[in-house]
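Data first, discussion second: the structure below is written as structure tokens.
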Amino acid sequence: MSERRAVSDRREAALRRLGLVPGVAELVRAALDDAVGRAETGRGAAGAAPPAVVVLDAGCGRNSALARYRARIGRFVGVDIHEPAPGALPYLDEFAAVDLCESSDAFPPATFDVVLSSFTVEHLADPDAAFANLARWLRPGGSLVLTTVNRRHPFVAAYLGMPDGLRRRVQPFVKATAADAHPLVGACNDPAALREALARAGYDDIRVVTVGHLARAWQRRLPTFALGLVGDLLTQGIPSRRSTLVVRARAPGPAA
Ligand SMILES: C[S@@+](CC[C@H](N)C(=O)[O-])C[C@H]1O[C@@H](n2cnc3c(N)ncnc32)[C@H](O)[C@@H]1O
């Protein structure tokens, strides 16, 4: 095991001992287990060969929590405003350069059973337009799963509120690489604003869960891990102020 991996495992174990569970990864996995299972049932295709479920990672970057479901996915599409390096996303069937806020005709209506959007909402200039596009591209009753930051956490509010120049200087300390540092908007980044934005776009059954995620997100360096841990512990008992939102919602219309 590499030294970096060993450190990461020790930090994860410490977070668990401190009661900072479940983490975002576990919550997203539970949401996607449910979403993919529902899609299979809706298509009458559980265990079908070839698999029939069609999924989108909206703002796919360089990682996708949907990749672990690859064997159950018939068509796996990723979109982002930045093209990935050739071969960087081997689990995708297709990549399309799409601005979620603008390209409403990027896909026909009712294309996808499941949409995942992981830590992308905070970058969207027009989340209302993006949520409406995703609702249109989802099949009626299809599942949206998203994660984003919560500006009701004081550290997140401070980070989002920094002048761009200062934030650009801070980002290398908390991001793995410069490629992970994208302009931030934070237009609907608190539990109520996000719920309202999804309701305006017509989603049903909107479930918003908050979770402390700063220590895990900033764990690469000890000082930022320690700062994140303080931030997570400060808000652990105040759910509306935890750093991160994990959301599930259903696209408008009856389940297919
Ligand atoms: C913080 S990264 C997250 C990447 C990946 N989803 C993950 O969880 O590792 C945010 C991603 O959103 C993309 N993005 C930002 N604004 C976007 C937009 N308007 N439409 C599509 N993608 C966007 C960025 O290019 C970037 O890849």
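The chains in the structure tokens are called A, B, ... from first to last as shown; in each chain the residues are counted from 1, and the ligands are counted from 1 in the order shown.
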Show me which residues are within 8 Å of ligand 1 counting only C-alpha atoms and all ligand atoms, and format the list as a ChimeraX atom specification.
/A:57-65,79-82,97-102,117-121,123-126,130,180-183
Need the shell around Pro86 of chain A: protein/DNA/RNA residues with any atom at most 12 Å away, counting only C-alpha atoms. Skip same-chain ones fewer than 4 positions apart. Format as a PDB file with N, CA and C atoms, in the first residue's frame?
```
ATOM      1  N   ARG A  62     -13.473  14.244 -13.933  1.00  0.00           N
ATOM      2  CA  ARG A  62     -12.542  13.131 -14.150  1.00  0.00           C
ATOM      3  C   ARG A  62     -12.883  11.909 -13.305  1.00  0.00           C
ATOM      4  N   PRO A  90     -12.659   5.905 -19.211  1.00  0.00           N
ATOM      5  CA  PRO A  90     -12.881   4.674 -19.987  1.00  0.00           C
ATOM      6  C   PRO A  90     -14.263   4.064 -19.787  1.00  0.00           C
ATOM      7  N   LEU A  92     -17.104   5.636 -19.895  1.00  0.00           N
ATOM      8  CA  LEU A  92     -18.148   6.306 -20.683  1.00  0.00           C
ATOM      9  C   LEU A  92     -18.310   5.650 -22.059  1.00  0.00           C
ATOM     10  N   PHE A  95     -18.960  10.999 -24.670  1.00  0.00           N
ATOM     11  CA  PHE A  95     -18.772  12.277 -23.987  1.00  0.00           C
ATOM     12  C   PHE A  95     -19.290  13.371 -24.909  1.00  0.00           C
TER      13      PHE A  95
END
```
If DSSP is run on the backbone, what residues of segment 103-138 of chain A are alpha helix (DSSP H)? A reply as a list in words would be ideal.
Pro127, Asp128, Ala129, Ala130, Phe131, Ala132, Asn133, Leu134, Ala135, Arg136 and Trp137 of chain A
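Those residues that approach Ala31 of chain A to within 10 Å, counting only C-alpha atoms, are Ala25, Glu26, Leu27, Ala35, Val36, Gly37, Leu116, Ser143, Leu144, Val145, Leu146, Val246, Val247, Arg248 and Ala249 of chain A; same-chain residues fewer than 4 positions away are not listed.
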With C-alpha atoms kept, could you save the residues just selected as a PDB file, in the first residue's frame?
```
ATOM      1  CA  ALA A  25     -19.636   8.581  -0.844  1.00  0.00           C
ATOM      2  CA  GLU A  26     -21.870   6.248   1.180  1.00  0.00           C
ATOM      3  CA  LEU A  27     -24.919   8.501   0.800  1.00  0.00           C
ATOM      4  CA  ALA A  35     -31.944   4.932  -8.629  1.00  0.00           C
ATOM      5  CA  VAL A  36     -30.338   2.223 -10.767  1.00  0.00           C
ATOM      6  CA  GLY A  37     -32.529  -0.454  -9.166  1.00  0.00           C
ATOM      7  CA  LEU A 116     -25.813  12.160 -11.398  1.00  0.00           C
ATOM      8  CA  SER A 143     -33.878   9.878 -10.722  1.00  0.00           C
ATOM      9  CA  LEU A 144     -31.649  12.890 -10.174  1.00  0.00           C
ATOM     10  CA  VAL A 145     -28.838  12.494  -7.621  1.00  0.00           C
ATOM     11  CA  LEU A 146     -26.662  15.486  -6.859  1.00  0.00           C
ATOM     12  CA  VAL A 246     -26.675  15.211  -0.988  1.00  0.00           C
ATOM     13  CA  VAL A 247     -29.949  15.400  -2.866  1.00  0.00           C
ATOM     14  CA  ARG A 248     -32.292  12.943  -4.540  1.00  0.00           C
ATOM     15  CA  ALA A 249     -35.304  13.951  -6.625  1.00  0.00           C
TER      16      ALA A 249
END
```
If you run DSSP on the backbone here, which positions in segment 36-219 of chain A get strand (DSSP E or B)? Please write them as an MDAnalysis selection string.
chainID A and resid 53:58 73:80 94:97 112:118 138:149 204:211
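Shortest atom-to-atom contact with Arg241 of chain A among A:Arg195, A:Arg151, A:Arg168, A:Arg4: A:Arg151, counting only C-alpha atoms.
Considering the residues A:His153, A:Arg220, A:Arg136, A:Arg169 and counting only C-alpha atoms, Arg250 of chain A has its shortest atom-to-atom contact with A:Arg136.
Distances from A:Ala96, A:Ala135, A:Val174, A:Val28 to Leu222 of chain A were compared using only C-alpha atoms, and the smallest one belongs to A:Val174.
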Using only C-alpha atoms, what table do you get, as JSON lines, when you list each residue of segment 19-50 of chain A with an atom no more than 9 Å from segment 213-216 of chain A, its nearest pair of atoms, and their distance in Å rounded to one decimal, rows by chain then rising number?
```
{"residue": "A:Leu20", "atom": "CA", "partner": "A:His213", "partner_atom": "CA", "distance": 8.6}
{"residue": "A:Gly23", "atom": "CA", "partner": "A:His213", "partner_atom": "CA", "distance": 6.9}
{"residue": "A:Val24", "atom": "CA", "partner": "A:His213", "partner_atom": "CA", "distance": 6.8}
```
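Distances from A:Glu122, A:Leu160, A:Gly228, A:Leu245 to Arg207 of chain A were compared using only C-alpha atoms, and the smallest one belongs to A:Leu245.
Candidate residues A:Asn189, A:Ser104, A:Ser8, A:Thr210 were compared for distance to Pro239 of chain A, and the nearest is A:Thr210, using only C-alpha atoms.
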Can you tell me which residues surround Arg200 of chain A at a distance of at most 10 Å, considering only C-alpha atoms, apart from same-chain residues fewer than 6 positions away, and format the answer as a ChimeraX atom specification?
/A:128,131-132,194
Would you mind exporting C-alpha atoms of the selected residues as an mmCIF file, in the first residue's frame?
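Contents of again16.cif, as written:
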```
data_model
loop_
_atom_site.group_PDB
_atom_site.id
_atom_site.type_symbol
_atom_site.label_atom_id
_atom_site.label_comp_id
_atom_site.auth_asym_id
_atom_site.auth_seq_id
_atom_site.Cartn_x
_atom_site.Cartn_y
_atom_site.Cartn_z
ATOM 1 C CA ASP A 128 -32.791 26.955 -12.916
ATOM 2 C CA PHE A 131 -32.344 21.756 -13.596
ATOM 3 C CA ALA A 132 -35.023 22.284 -16.261
ATOM 4 C CA LEU A 194 -31.731 24.076 -3.688
#
```
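Each of A:Ser103, A:Phe173, A:Glu12, A:Ala6 was checked against Pro223 of chain A using only C-alpha atoms; the smallest atom-to-atom distance is that of A:Phe173.
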Name the residues in contact with Tyr203 of chain A at a cut-off of 6 Å, using only C-alpha atoms, excluding same-chain residues fewer than 4 positions from it; report them as a ChimeraX atom specification.
/A:198-199,250-252
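We find atom CA of Ala110 of chain A and atom CA of Trp137 of chain A to be spaced 4.8 Å apart.
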